[in-house]
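Dropping upload_14.cif in here (mmCIF, C-alpha atoms):
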data_my_file
loop_
_atom_site.label_atom_id
_atom_site.label_comp_id
_atom_site.auth_asym_id
_atom_site.auth_seq_id
_atom_site.Cartn_x
_atom_site.Cartn_y
_atom_site.Cartn_z
CA MET A 6 179.72 -109.89 39.88
CA GLU A 7 178.22 -113.33 40.37
CA GLY A 8 175.64 -111.86 42.77
CA LEU A 9 174.76 -109.10 40.30
CA ILE A 10 174.24 -111.59 37.46
CA LYS A 11 172.11 -113.77 39.71
CA GLY A 12 170.03 -110.74 40.72
CA LEU A 13 169.51 -109.76 37.10
CA ILE A 14 168.40 -113.25 36.19
CA ASP A 15 166.06 -113.44 39.17
CA VAL A 16 164.32 -110.21 38.34
CA ALA A 17 164.19 -110.81 34.61
CA LEU A 18 162.47 -114.13 35.27
CA GLY A 19 160.18 -112.56 37.82
CA HIS A 20 161.74 -114.35 40.82
CA GLY A 21 162.74 -111.25 42.79
CA ASP A 22 159.92 -111.55 45.28
CA ASN A 23 159.90 -115.33 45.54
CA LYS A 24 162.45 -115.33 48.33
CA GLU A 25 159.91 -113.62 50.53
CA GLU A 26 156.72 -114.70 48.96
CA ASP A 27 154.04 -116.85 47.63
CA SER A 28 152.53 -119.64 45.62
CA ALA A 29 149.08 -119.89 44.09
CA ALA A 30 146.94 -121.81 41.65
CA GLY A 31 144.43 -121.64 38.87
CA ASP A 32 143.92 -120.19 35.42
CA ARG A 33 142.13 -116.92 35.38
CA ASP A 34 140.33 -114.76 32.92
CA GLN A 35 142.38 -111.95 31.49
CA ARG A 36 142.59 -109.15 34.04
CA SER A 37 142.43 -105.48 33.28
CA ARG A 38 143.85 -102.63 35.28
CA SER A 39 143.58 -102.46 39.03
CA THR A 40 141.23 -99.52 38.92
CA TRP A 41 139.01 -98.03 41.49
CA SER A 42 136.66 -96.56 38.96
CA GLU A 43 133.59 -96.72 41.16
CA VAL A 44 132.61 -95.97 44.70
CA VAL A 45 131.64 -99.00 46.75
CA VAL A 46 128.97 -99.26 49.38
CA SER A 47 130.18 -100.55 52.69
CA GLY A 48 128.55 -103.04 54.98
CA GLU A 49 125.75 -102.86 57.42
CA GLN A 50 128.09 -101.25 59.85
CA ASP A 51 130.73 -100.46 57.39
CA ASN A 52 133.47 -102.53 56.08
CA ASP A 53 136.68 -100.82 56.57
CA SER A 54 137.24 -102.38 53.36
CA ASP A 55 134.88 -100.14 51.63
CA ARG A 56 136.04 -96.75 51.50
CA PRO A 57 138.98 -95.27 49.79
CA HIS A 58 138.56 -92.31 47.73
CA GLY A 59 139.06 -91.97 44.08
CA TYR A 60 137.91 -92.61 40.59
CA ASN A 61 134.40 -93.11 39.34
CA GLN A 62 132.97 -94.97 36.39
CA SER A 63 132.92 -91.96 34.14
CA HIS A 64 136.66 -91.60 34.69
CA TRP A 65 137.17 -95.13 33.44
CA ASN A 66 134.95 -94.57 30.41
CA ASN A 67 136.63 -91.28 29.55
CA ARG A 68 139.99 -92.88 29.87
CA GLN A 69 138.97 -95.73 27.57
CA GLU A 70 137.71 -93.30 24.93
CA GLU A 71 140.72 -91.00 25.16
CA SER A 72 143.40 -93.63 24.99
CA ASN A 73 141.68 -95.89 22.43
CA LEU A 74 143.68 -98.73 23.84
CA GLY A 75 140.92 -101.21 23.28
CA ARG A 76 141.38 -102.74 26.71
CA GLN A 77 138.65 -105.06 27.87
CA GLU A 78 136.38 -103.49 30.49
CA TRP A 79 135.76 -105.53 33.56
CA GLY A 80 132.44 -106.01 35.26
CA ASN A 81 131.93 -104.89 38.83
CA VAL A 82 133.07 -107.31 41.46
CA SER A 83 130.85 -108.09 44.35
CA SER A 84 132.82 -109.12 47.36
CA GLU A 85 132.33 -112.32 49.25
CA PRO A 86 129.68 -112.33 51.99
CA PRO A 87 130.70 -110.07 54.86
CA ARG A 88 132.93 -111.96 57.23
CA ARG A 89 132.33 -109.78 60.27
CA PRO A 90 130.55 -106.56 61.05
CA GLN A 91 132.90 -103.62 61.07
CA THR A 92 132.78 -100.15 62.51
CA SER A 93 132.93 -97.28 60.11
CA THR A 94 134.36 -93.84 60.34
CA HIS A 95 130.86 -92.80 59.37
CA GLU A 96 129.69 -94.02 62.76
CA ARG A 97 132.78 -93.16 64.75
CA TYR A 98 132.99 -89.58 63.57
CA GLU A 99 129.36 -88.51 63.76
CA ASN A 100 128.39 -88.90 60.16
CA ASN A 101 131.80 -88.09 58.74
CA GLU A 102 131.39 -90.46 55.84
CA ASP A 103 134.29 -92.65 55.09
CA GLY A 104 135.48 -92.69 51.54
CA GLY A 105 134.35 -95.64 49.55
CA PRO A 106 136.77 -97.61 47.47
CA ILE A 107 136.48 -97.82 43.94
CA GLY A 108 135.33 -100.78 41.96
CA TYR A 109 137.82 -103.03 40.26
CA LYS A 110 136.45 -103.51 36.76
CA GLN A 111 136.61 -107.23 36.35
CA ASN A 112 134.84 -110.06 34.70
CA TYR A 113 135.33 -113.11 36.88
CA SER A 114 132.67 -115.74 36.31
CA SER A 115 132.56 -116.53 40.01
CA ARG A 116 131.52 -112.99 40.88
CA LYS A 117 128.25 -111.24 40.16
CA GLU A 118 128.05 -107.86 38.58
CA GLU A 119 126.54 -105.17 40.72
CA GLY A 120 125.04 -101.96 39.51
CA LYS A 121 125.47 -98.33 40.32
CA GLU A 122 123.11 -96.34 42.48
CA GLY A 123 122.85 -92.84 41.23
CA ASN A 124 125.03 -89.79 41.04
CA ASN A 125 124.49 -86.75 43.27
CA ASP A 126 126.27 -83.43 43.12
CA GLY A 127 129.60 -84.85 42.11
CA TRP A 128 129.26 -87.90 44.37
CA GLU A 129 128.66 -91.42 43.23
CA THR A 130 127.62 -94.58 45.07
CA VAL A 131 127.91 -98.16 43.92
CA GLY A 132 126.28 -101.20 45.46
CA LYS A 133 128.54 -103.77 47.07
CA LYS A 134 127.78 -105.97 50.05
CA PRO A 135 124.06 -105.84 50.81
CA PRO A 136 122.62 -104.22 52.77
CA ARG A 137 125.48 -102.01 53.85
CA GLN A 138 125.62 -98.33 54.57
CA SER A 139 126.43 -96.08 51.66
CA HIS A 140 129.80 -94.37 51.64
CA LYS A 141 130.67 -91.67 49.19
CA VAL A 142 133.78 -90.33 47.59
CA GLN A 143 134.31 -86.85 46.24
CA LYS A 144 135.76 -87.28 42.81
CA ASP A 145 136.16 -83.75 41.47
CA ARG A 146 139.88 -83.44 42.16
CA TRP A 147 140.93 -86.63 40.38
CA GLN A 148 140.34 -85.37 36.88
CA GLY A 149 142.53 -82.37 37.65
CA TYR A 150 145.55 -84.62 38.20
CA LYS A 151 145.53 -85.41 34.49
CA GLN A 152 146.25 -81.83 33.51
CA PRO A 153 149.82 -80.78 32.70
CA ALA A 154 151.80 -80.97 35.92
CA SER A 155 152.94 -77.35 35.57
CA GLU A 156 149.30 -76.17 35.60
CA GLN A 157 148.29 -77.97 38.79
CA GLN A 158 148.21 -76.65 42.33
CA TYR A 159 150.39 -78.20 45.01
CA SER A 160 150.98 -78.00 48.73
CA ASP A 161 153.37 -75.44 50.12
CA GLU A 162 157.01 -76.43 50.30
CA VAL A 163 158.20 -77.55 53.70
CA GLU A 164 160.72 -75.20 55.19
CA GLY A 165 164.37 -76.17 54.94
CA GLY A 166 166.87 -75.91 57.70
CA ALA A 167 168.53 -78.39 60.00
CA SER A 168 165.60 -80.82 59.96
CA ILE A 169 166.27 -81.89 56.37
CA GLU A 170 170.07 -81.76 56.52
CA PRO A 171 171.67 -85.17 57.12
CA SER A 172 174.13 -85.25 59.97
CA GLU A 173 177.60 -86.72 59.68
CA ASP A 174 176.45 -89.72 61.73
CA GLU A 175 173.54 -90.28 59.36
CA LEU A 176 175.77 -89.97 56.32
CA ALA A 177 177.95 -92.69 57.80
CA ASP A 178 175.13 -94.97 58.93
CA LEU A 179 172.28 -96.05 56.62
CA SER A 180 170.15 -97.19 59.54
CA GLN A 181 170.26 -93.78 61.20
CA ALA A 182 169.37 -92.11 57.90
CA CYS A 183 166.39 -94.42 57.37
CA ASN A 184 165.20 -93.85 60.90
CA ARG A 185 165.31 -90.12 60.19
CA PHE A 186 162.61 -90.68 57.54
CA TRP A 187 160.42 -92.15 60.27
CA GLU A 188 160.88 -88.97 62.32
CA LEU A 189 160.32 -86.67 59.34
CA ASP A 190 157.13 -88.37 58.15
CA SER A 191 154.54 -85.83 59.33
CA ASN A 192 151.90 -87.66 57.27
CA HIS A 193 152.40 -90.86 59.26
CA LEU A 194 149.00 -92.15 60.44
CA VAL A 195 148.26 -92.89 64.08
CA PRO A 196 146.70 -96.30 64.93
CA GLY A 197 143.38 -95.88 66.71
CA LYS A 198 143.08 -92.26 65.60
CA ASP A 199 143.34 -92.49 61.82
CA TYR A 200 142.60 -96.18 61.30
CA GLU A 201 142.12 -99.50 63.04
CA ILE A 202 143.20 -103.01 62.06
CA ASP A 203 142.27 -106.47 63.32
CA CYS A 204 145.13 -108.90 62.74
CA GLY A 205 143.02 -111.98 63.41
CA GLU A 206 144.79 -115.30 63.93
CA GLY A 207 148.41 -116.16 63.14
CA LYS A 208 149.80 -118.96 61.00
CA LYS A 209 152.95 -120.43 59.52
CA VAL A 210 153.80 -119.51 55.95
CA TYR A 211 153.00 -123.01 54.69
CA HIS A 212 149.59 -123.11 56.37
CA LYS A 213 146.84 -122.54 53.85
CA GLY A 214 143.31 -121.49 54.60
CA ASP A 215 141.66 -118.39 56.01
CA LEU A 216 142.31 -117.83 59.72
CA ALA A 217 140.97 -114.27 59.76
CA GLU A 218 137.33 -113.84 60.68
CA GLY A 219 137.13 -110.57 58.83
CA ASN A 220 139.07 -107.90 57.00
CA LEU A 221 142.40 -106.56 58.16
CA PHE A 222 141.16 -102.95 58.19
CA THR A 223 138.24 -102.22 60.48
CA TRP A 224 137.99 -98.56 59.53
CA LEU A 225 139.98 -95.73 58.03
CA SER A 226 139.30 -92.01 58.39
CA GLU A 227 138.14 -90.38 55.19
CA ASP A 228 140.46 -87.45 55.91
CA VAL A 229 143.42 -89.65 55.00
CA PHE A 230 142.54 -89.56 51.31
CA ARG A 231 142.19 -85.81 51.32
CA ARG A 232 145.88 -85.45 52.08
CA PRO A 233 147.58 -84.37 48.84
CA THR A 234 150.31 -87.03 48.63
CA PHE A 235 147.86 -89.82 49.50
CA SER A 236 145.33 -88.53 47.00
CA ARG A 237 147.84 -88.29 44.17
CA PHE A 238 149.31 -91.69 45.02
CA CYS A 239 145.87 -93.27 44.75
CA SER A 240 145.29 -91.67 41.35
CA LEU A 241 148.19 -93.77 40.00
CA LEU A 242 146.91 -97.15 41.11
CA ASP A 243 144.55 -97.74 38.19
CA ASN A 244 147.22 -97.12 35.56
CA TYR A 245 148.41 -100.72 35.34
CA ASN A 246 147.39 -104.13 34.09
CA PRO A 247 148.12 -106.60 36.91
CA ASN A 248 149.06 -109.40 34.52
CA GLU A 249 152.82 -109.58 34.68
CA GLY A 250 153.31 -110.38 31.01
CA SER A 251 150.94 -107.71 29.68
CA ARG A 252 152.70 -104.81 28.03
CA GLU A 253 151.76 -101.48 29.58
CA VAL A 254 150.66 -98.48 27.54
CA ILE A 255 151.11 -95.25 29.47
CA THR A 256 148.96 -92.40 28.21
CA SER A 257 149.95 -88.75 28.24
CA GLU A 258 147.46 -88.14 31.05
CA GLU A 259 149.02 -90.90 33.13
CA LYS A 260 152.42 -89.32 32.62
CA GLN A 261 150.98 -86.08 33.96
CA GLU A 262 149.75 -87.98 37.02
CA GLN A 263 153.23 -89.38 37.55
CA ALA A 264 154.92 -86.00 37.24
CA ALA A 265 152.35 -84.38 39.54
CA PHE A 266 152.85 -87.09 42.18
CA ILE A 267 156.62 -86.61 42.15
CA GLU A 268 156.16 -82.84 42.35
CA GLU A 269 153.83 -83.20 45.34
CA ILE A 270 156.03 -85.54 47.35
CA SER A 271 159.09 -83.45 46.48
CA ARG A 272 157.64 -80.70 48.64
CA THR A 273 157.77 -82.92 51.75
CA ALA A 274 160.53 -83.31 54.30
CA PRO A 275 161.38 -86.99 53.60
CA ILE A 276 162.06 -86.35 49.91
CA LYS A 277 163.99 -83.15 50.57
CA TYR A 278 166.13 -85.03 53.09
CA LEU A 279 166.61 -87.84 50.54
CA HIS A 280 167.89 -85.34 47.97
CA ARG A 281 170.28 -83.69 50.42
CA TYR A 282 171.61 -87.10 51.43
CA LEU A 283 172.10 -88.51 47.93
CA SER A 284 173.56 -85.28 46.54
CA ARG A 285 176.03 -85.11 49.44
CA LYS A 286 177.05 -88.66 48.52
CA GLY A 287 177.41 -87.71 44.85
CA MET A 288 174.67 -90.14 43.76
CA VAL A 289 172.30 -87.56 42.23
CA SER A 290 172.45 -84.04 40.87
CA GLU A 291 172.39 -81.13 43.29
CA ASN A 292 169.81 -79.54 41.01
CA TYR A 293 166.41 -80.32 42.52
CA GLN A 294 164.55 -80.32 39.20
CA GLU A 295 167.00 -82.83 37.79
CA PHE A 296 166.56 -84.92 40.93
CA LYS A 297 162.78 -85.00 40.37
CA ARG A 298 163.34 -86.31 36.87
CA THR A 299 165.63 -88.99 38.28
CA LEU A 300 162.95 -90.06 40.77
CA THR A 301 160.33 -90.19 38.03
CA ALA A 302 162.51 -92.38 35.82
CA LEU A 303 163.51 -94.68 38.69
CA TRP A 304 159.96 -95.43 39.75
CA PHE A 305 157.93 -95.11 36.56
CA ASP A 306 160.09 -96.06 33.57
CA LEU A 307 158.92 -99.35 32.11
CA TYR A 308 161.12 -102.42 31.75
CA GLY A 309 160.69 -106.11 30.96
CA ARG A 310 159.74 -108.76 33.47
CA GLY A 311 158.99 -112.41 32.86
CA GLY A 312 160.10 -112.30 29.23
CA THR A 313 157.95 -109.38 28.05
CA SER A 314 159.40 -105.91 27.46
CA GLY A 315 157.67 -102.79 28.73
CA CYS A 316 155.34 -104.70 31.04
CA SER A 317 156.51 -103.58 34.48
CA SER A 318 157.94 -100.76 36.55
CA ALA A 319 159.22 -100.30 40.09
CA PHE A 320 156.05 -98.47 41.08
CA GLU A 321 153.73 -101.11 39.64
CA HIS A 322 155.59 -104.03 41.16
CA VAL A 323 156.27 -102.65 44.63
CA PHE A 324 153.11 -100.65 45.29
CA VAL A 325 150.39 -102.01 42.98
CA GLY A 326 151.34 -105.67 42.60
CA GLU A 327 151.48 -108.09 39.68
CA ILE A 328 150.16 -111.58 39.00
CA LYS A 329 152.53 -114.05 37.41
CA GLN A 330 150.99 -116.12 34.66
CA ARG A 331 153.69 -118.74 34.16
CA GLY A 332 152.69 -122.11 35.58
CA GLU A 333 150.75 -121.64 38.76
CA GLU A 334 149.54 -118.10 39.20
CA GLU A 335 151.03 -116.16 42.08
CA VAL A 336 151.03 -112.62 43.35
CA SER A 337 154.31 -110.75 43.06
CA GLY A 338 155.14 -107.43 44.70
CA PHE A 339 152.12 -105.70 46.31
CA HIS A 340 153.80 -104.26 49.42
CA ASN A 341 151.75 -101.13 50.01
CA TRP A 342 149.12 -100.80 52.73
CA ILE A 343 147.04 -98.22 50.83
CA GLN A 344 146.68 -100.53 47.84
CA PHE A 345 145.81 -103.35 50.25
CA TYR A 346 143.13 -101.25 51.92
CA LEU A 347 141.58 -100.21 48.60
CA GLU A 348 141.58 -103.71 47.15
CA GLU A 349 140.22 -105.19 50.38
CA ALA A 350 137.52 -102.54 50.32
CA LYS A 351 136.51 -103.66 46.84
CA GLY A 352 136.44 -107.31 47.79
CA THR A 353 139.37 -108.27 45.57
CA VAL A 354 141.67 -108.92 48.53
CA ASN A 355 140.87 -111.64 51.05
CA TYR A 356 142.98 -111.27 54.18
CA GLN A 357 143.80 -114.69 55.64
CA GLY A 358 145.81 -113.93 58.78
CA TYR A 359 149.23 -112.79 59.90
CA ILE A 360 152.44 -114.82 59.71
CA PHE A 361 153.96 -115.60 63.09
CA PRO A 362 156.83 -113.19 63.83
CA ARG A 363 160.36 -114.55 63.91
CA ARG A 364 160.72 -113.31 67.47
CA ARG A 365 158.58 -115.21 69.91
CA GLY A 366 156.19 -113.21 72.01
CA GLU A 367 155.90 -110.34 69.52
CA ILE A 368 152.34 -110.98 68.39
CA PRO A 369 150.93 -108.15 66.23
CA ASP A 370 147.93 -106.18 67.43
CA SER A 371 145.95 -103.12 66.35
CA GLU A 372 148.92 -100.85 67.14
CA THR A 373 151.46 -102.80 65.06
CA GLN A 374 152.74 -100.97 61.97
CA LEU A 375 155.05 -103.61 60.50
CA LEU A 376 153.02 -106.64 59.47
CA THR A 377 153.78 -109.91 57.72
CA ILE A 378 150.54 -111.31 56.35
CA GLN A 379 148.95 -113.80 53.98
CA PHE A 380 146.16 -112.93 51.56
CA GLU A 381 144.57 -113.65 48.21
CA TRP A 382 144.28 -111.06 45.47
CA ASN A 383 141.64 -111.86 42.87
CA GLY A 384 141.69 -115.44 44.15
CA VAL A 385 145.47 -115.78 43.75
CA LEU A 386 147.45 -116.51 46.90
CA LYS A 387 150.29 -114.43 48.30
CA ALA A 388 151.63 -116.76 50.96
CA VAL A 389 153.73 -114.14 52.71
CA SER A 390 153.96 -110.39 52.30
CA SER A 391 155.34 -107.67 54.52
CA THR A 392 154.08 -104.12 54.64
CA LEU A 393 154.48 -100.95 56.69
CA VAL A 394 151.01 -99.83 57.78
CA GLY A 395 150.10 -96.17 58.11
CA VAL A 396 153.23 -94.67 56.57
CA SER A 397 152.93 -92.03 53.88
CA PRO A 398 153.70 -92.48 50.17
CA GLU A 399 156.61 -90.04 50.44
CA PHE A 400 158.08 -92.03 53.31
CA GLU A 401 158.13 -95.28 51.32
CA VAL A 402 159.49 -93.68 48.17
CA ALA A 403 162.26 -92.01 50.17
CA LEU A 404 163.10 -95.12 52.21
CA TYR A 405 163.26 -97.51 49.27
CA THR A 406 165.11 -95.05 47.04
CA LEU A 407 167.79 -94.50 49.68
CA CYS A 408 168.26 -98.25 50.19
CA PHE A 409 168.48 -98.75 46.43
CA TYR A 410 171.24 -96.16 46.02
CA MET A 411 173.16 -96.64 49.25
CA GLY A 412 172.46 -100.19 50.42
CA GLY A 413 172.72 -103.77 49.28
CA GLU A 414 170.30 -106.66 48.93
CA ASP A 415 169.89 -106.80 52.72
CA ASN A 416 169.63 -103.54 54.61
CA HIS A 417 169.28 -104.05 58.35
CA ILE A 418 167.92 -100.83 59.76
CA GLN A 419 165.80 -99.40 62.57
CA LEU A 420 162.47 -97.68 61.86
CA GLY A 421 161.10 -96.23 65.05
CA PRO A 422 160.49 -99.24 67.33
CA TYR A 423 160.95 -101.79 64.53
CA PRO A 424 164.15 -103.58 63.51
CA VAL A 425 163.68 -104.12 59.79
CA ASN A 426 165.50 -105.67 56.86
CA ILE A 427 164.75 -103.77 53.66
CA LYS A 428 165.22 -106.33 50.90
CA CYS A 429 166.27 -104.66 47.66
CA TYR A 430 166.60 -106.55 44.38
CA ARG A 431 168.18 -104.70 41.48
CA PHE A 432 167.53 -105.08 37.81
CA GLY A 433 170.60 -103.34 36.46
CA ASP A 434 170.13 -99.67 37.29
CA ARG A 435 166.46 -100.17 38.18
CA ILE A 436 164.48 -101.37 41.17
CA GLY A 437 163.38 -104.95 40.59
CA SER A 438 161.68 -105.29 43.97
CA VAL A 439 162.01 -103.73 47.41
CA PHE A 440 160.07 -104.47 50.59
CA PRO A 441 160.39 -104.58 54.38
CA MET A 442 160.90 -107.73 56.43
CA GLY A 443 160.61 -107.89 60.20
CA GLU A 444 163.81 -108.98 61.92
#

What would the structure in this file look like if it were written as structure tokens?
Amino acid sequence: MEGLIKGLIDVALGHGDNKEEDSAAGDRDQRSRSTWSEVVVSGEQDNDSDRPHGYNQSHWNNRQEESNLGRQEWGNVSSEPPRRPQTSTHERYENNEDGGPIGYKQNYSSRKEEGKEGNNDGWETVGKKPPRQSHKVQKDRWQGYKQPASEQQYSDEVEGGASIEPSEDELADLSQACNRFWELDSNHLVPGKDYEIDCGEGKKVYHKGDLAEGNLFTWLSEDVFRRPTFSRFCSLLDNYNPNEGSREVITSEEKQEQAAFIEEISRTAPIKYLHRYLSRKGMVSENYQEFKRTLTALWFDLYGRGGTSGCSSAFEHVFVGEIKQRGEEEVSGFHNWIQFYLEEAKGTVNYQGYIFPRRRGEIPDSETQLLTIQFEWNGVLKAVSSTLVGVSPEFEVALYTLCFYMGGEDNHIQLGPYPVNIKCYRFGDRIGSVFPMGE
């Protein structure tokens, strides 16, 4: 009971992530939503940081008009001068253009506004780091995600059978069950084939300063963001105000995006296995539709954090990230590699190097998929953050949901070659924070 009360207090005060994380400084202008409303142009050779796929400016404007929320629009952010030349998928795949990220609409005085460059046949390009190659993003599908979830088209259901049935050993051992997700994740990216990272130099947590000569991501295949679960996941990332104390207003269209995302991932093997596991344990309904509603509520229902009601959710905190405004500013949450890639691509994330692993001799390289890193987001430091690189959205939702229902605060498990501790902080019957830590 004492541990539960302590956990509730920690999360309510916004301390859930502090045990793993960061400190930062400075007052900042009011931030708006972390939106990729524009396509960014990548660098001379292509900044891996410049090419996710998603929203355009008209989406942002339409959304502002429809919701009438009166939120302040942010000016385009130009990134800092390129730190190293990077190789693009555009070059690597014979003119297969990498997707460009989408501009974070901000208004920082230290950054200069950059303008758009035209609109061609449903494609839009925005200037970023001069004079870099243009990368384009097809935006037609994004608007469709705002339609009623029942009217949208989805991927075919994965076939059932033994592959999604938990074994008796897995039902008795959380680690074996979690490792099964790793095996079932058919959307798992392959280092060197689907993306490349450059970890740069290592540091201790307390060491400040940038030890990375360039971005973490060197390139990412544009095909990644054409995958349905990745695409729908990305459509959710601009739905939130990163200021921790700012009350969120979720529009009806955003609720459709949430429902459509849950429907899409519910057709994959990791989520089907999750349902079989939890229903066998008596934790959720055996009815799959009811289970989908449970997932939606667990990840998207709003709750209070840092003294303000309705300002946070599990999805926002874990995957998007928040910026605490009390005292010194600091980044909280932000444990998703896709969000990191998109924000780095827009110049709002500054990768500063990896944190030395606890085990000596295990220095991360371009093949490593469990990273502990340090970075700044919008100029605010996150001193230490762990993330699983290249895993699918359905994998992370399944993994963290299972640990929330069946585990404790520390969940020592095996994921493929990686011994991991999944830290899970509860806020009553909700996820306060959850993230991986290398053992």

Could the residues of stretch 193-311 of chain A that have an atom at most 10 Å from stretch 375-382 of chain A be listed as JSON lines, each with its closest atom pair and the distance in Å to one decimal, counting all atoms listed in the file and ordered by chain and ascending residue number?
{"residue": "A:Cys204", "atom": "CA", "partner": "A:Ile378", "partner_atom": "CA", "distance": 8.7}
{"residue": "A:Gly207", "atom": "CA", "partner": "A:Ile378", "partner_atom": "CA", "distance": 8.6}
{"residue": "A:Lys208", "atom": "CA", "partner": "A:Gln379", "partner_atom": "CA", "distance": 8.8}
{"residue": "A:Lys209", "atom": "CA", "partner": "A:Gln379", "partner_atom": "CA", "distance": 9.5}
{"residue": "A:Val210", "atom": "CA", "partner": "A:Gln379", "partner_atom": "CA", "distance": 7.7}
{"residue": "A:His212", "atom": "CA", "partner": "A:Gln379", "partner_atom": "CA", "distance": 9.6}
{"residue": "A:Lys213", "atom": "CA", "partner": "A:Gln379", "partner_atom": "CA", "distance": 9.0}
{"residue": "A:Gly214", "atom": "CA", "partner": "A:Phe380", "partner_atom": "CA", "distance": 9.5}
{"residue": "A:Asp215", "atom": "CA", "partner": "A:Phe380", "partner_atom": "CA", "distance": 8.4}
{"residue": "A:Leu216", "atom": "CA", "partner": "A:Gln379", "partner_atom": "CA", "distance": 9.7}
{"residue": "A:Ala217", "atom": "CA", "partner": "A:Phe380", "partner_atom": "CA", "distance": 9.8}
{"residue": "A:Leu221", "atom": "CA", "partner": "A:Ile378", "partner_atom": "CA", "distance": 9.6}

Practice problem: Let me know the residues the PyMOL selection byres ((chain A and resi 254) around 9) catches in the file above, as a PyMOL selection string. | Solution: chain A and resi 74+244-245+252-253+255-256+315-316

Exercise. Please evaluate the PyMOL selection byres ((chain A and resi 163) around 10) against the structure above and give the resulting residues as a list of chain:residue names.
Key: A:Ser160, A:Asp161, A:Glu162, A:Glu164, A:Gly165, A:Gly166, A:Ile169, A:Ser271, A:Arg272, A:Thr273, A:Ala274, A:Pro275, A:Lys277

Dump as CSV the rows for residues of stretch 298-411 of chain A within 9 Å of stretch 182-191 of chain A: closest atom pair and distance in Å with one decimal, all atoms listed in the file counted, ordered by chain and rising residue number.
residue,atom,partner,partner_atom,distance
A:Val396,CA,A:Asp190,CA,7.6
A:Ser397,CA,A:Asp190,CA,7.0
A:Glu399,CA,A:Asp190,CA,7.9
A:Phe400,CA,A:Asp190,CA,6.1
A:Glu401,CA,A:Phe186,CA,8.9
A:Ala403,CA,A:Phe186,CA,7.5
A:Leu404,CA,A:Cys183,CA,6.2
A:Leu407,CA,A:Cys183,CA,7.8
A:Cys408,CA,A:Cys183,CA,8.3

Self-check item: Selected residue, from A:Met442, A:Ala264, A:Ile436, A:Leu283, that lies nearest to A:Leu420 when counting only C-alpha atoms
Solution: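 Of A:Met442, A:Ala264, A:Ile436, A:Leu283, the one nearest A:Leu420 is A:Met442, counting only C-alpha atoms.
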
Practice problem: Using the chain letters and numbering of this document, enumerate as a ChimeraX atom specification the residues selected by the PyMOL selection byres ((chain A and resi 363) around 12). | Solution: /A:208-210,359-362,364-369,376-377,424-425,442-444

Practice problem: Fewer than 4 positions away in the same chain doesn't count, so skip those; otherwise give me all residues within 8 Å of stretch 298-313 of chain A, counting all atoms listed in the file, as a PyMOL selection string. | Solution: chain A and resi 16-19+249-253+263-264+267+289+294+317-321+435-436

Would you place a box with edges along x, y and z of the file around all atoms of stretch 324-342 of chain A listed there, add 6 Å to each of its six sides, and report the centre and edge lengths in Å to one decimal, as JSON?
{"center_x": 152.1, "center_y": -111.4, "center_z": 43.4, "size_x": 18.0, "size_y": 33.5, "size_z": 30.6}

Practice problem: Choose the residue, out of A:Val439, A:Met288, A:Val394, A:Leu386, that has the smallest atom-to-atom separation from A:Tyr200; count all atoms listed in the file. | Solution: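 For A:Tyr200, the nearest of the given residues is A:Val394.
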
Quiz item: Could you state the separation of atom CA of A:Ala265 and atom CA of A:Ser155 in Å, given to one decimal place?
Solution: 8.1 Å

Quiz item: atom CA of A:Leu241 and atom CA of A:Leu347 are how many Å apart?
Solution: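 One can read the atom CA of A:Leu241 to atom CA of A:Leu347 distance as 12.6 Å.
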
Exercise. Provide the atom CA of A:Gln419 to atom CA of A:Ser180 distance in Å, to one decimal place.
Key: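 According to the coordinates, atom CA of A:Gln419 and atom CA of A:Ser180 are separated by 5.7 Å.
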
Quiz item: Using all atoms listed in the file, which of A:Phe339, A:Phe432, A:Tyr159, A:Tyr405 sits nearest A:Pro233?
Solution: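 The shortest atom-to-atom distance to A:Pro233 comes from A:Tyr159.
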